[in-house]
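Okay, structure first, notes after.
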Amino acid sequence: IVAGIVGAYAFVDRYDERQEILELATKIEGHPDNVAPAIFGGLTVSVMSDGVTTLNIPVKHDYRFVAMIPPFTLSTEKSRSVLPQVLSRSDAIANVSHLALMVASLINGYDDGLKLGFKDRLHQPYRGKLIHNYDEIMNVLENDENVLGCYLSGAGPTLMAVIREEDKMGVVRLKEELGSLLNDWEVIKLELDHKGYTCDYE
């Protein structure tokens, strides 16, 4: 979506109208969760109310993100269908406090707060049941002292693990630890992009 809109804006030499592109992309996508970081780069937080407000969150440390991608897809519709209509007060409070801890930990470089911060009661316990070996894989990641946190990426089915930049053997180690739990899964190490989209043309 973002690439198509940016391409169209480039034809009229307006490709850097990022807020306008954000508004249009959000209207098409339905929410800014994915389009905002693609536009602005880095870690973003967005709120929809009479338009879209997006801010970048500064991440103090240079982390790497290990994506574990299974050989199957999971539709957003199916992932949404398993979510409860109502959350208990305790789950709601836990989610808000964990989110606040996660954001504060990323800003302050408090690595010890990330594992707890990434713990979720809103969607992971429900969507995880749709992913084979989910609980076993997450348990291995939770018990790896070099994994700072792990989470389900969006609606899934990709799982993510956060490691330190200096953990050069992280991918190899996780493949060995997870072994047959991954089967034909693809494991890729990613870096945080701070730029968002770029547009080079003549």
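Labeling convention for the structure tokens: chains A, B, ... as they appear, residues from 1 per chain, ligands from 1 in order of appearance.
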message = Taking only range 57-160 of chain A into account, list the residues labelled alpha helix (DSSP H) by DSSP (computed from the backbone), as a PyMOL selection string.
response = chain A and resi 76-81+89-108+114-117+124-127+134-142
message = If DSSP is run on the backbone, what residues of chain A are strand (DSSP E or B)? A reply as a count of residues only would be ideal.
response = 35
inquiry  = Just want the 10 Å neighbourhood of range 137-151 of chain A, counted on only C-alpha atoms, with same-chain residues fewer than 4 positions away dropped. Output as a PyMOL selection string.
reply    = chain A and resi 63+65-68+102+111-120+124+128+132-133+156+158-164+167+170+173-174+177-179+181-182
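Computed from the coordinates, the CA of Ile131 in chain A to CA of Gly41 in chain A distance equals 28.6 Å.
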Excluding Leu122 in chain A and any residue of its chain fewer than 3 positions from it, enumerate the residues within 9 Å of it, using only C-alpha atoms, and give them as an mmCIF file with C-alpha atoms, in the first residue's frame.
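Once everything was written out, this is out_13.cif:
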```cif
data_model
loop_
_atom_site.group_PDB
_atom_site.id
_atom_site.type_symbol
_atom_site.label_atom_id
_atom_site.label_comp_id
_atom_site.auth_asym_id
_atom_site.auth_seq_id
_atom_site.Cartn_x
_atom_site.Cartn_y
_atom_site.Cartn_z
ATOM 1 C CA LEU A 83 -10.157 -13.133 20.141
ATOM 2 C CA PRO A 84 -12.558 -12.693 23.069
ATOM 3 C CA LEU A 87 -11.409 -8.875 28.614
ATOM 4 C CA ASP A 91 -6.030 -8.767 31.900
ATOM 5 C CA ALA A 92 -6.695 -5.209 30.725
ATOM 6 C CA ASN A 95 -1.694 -5.369 29.226
ATOM 7 C CA PRO A 125 -2.799 -16.584 24.298
ATOM 8 C CA TYR A 126 -5.640 -16.936 21.785
#
```
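Taking CA of Glu186 in chain A as the reference point, CA of Ala3 in chain A is found at 24.9 Å.
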request  = Considering only C-alpha atoms, return as JSON, numbers by chain whatever protein or nucleic-acid residues lie within 12 Å of Ser49 in chain A, sequence-local ones (same chain, fewer than 5 positions apart) excluded.
outcome  = {"A": [23, 26, 31, 32, 54]}
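If you measure from each of A:Lys195, A:Arg64, A:Lys27, A:Arg14 to Gly51 in chain A using only C-alpha atoms, the closest one turns out to be A:Lys27.
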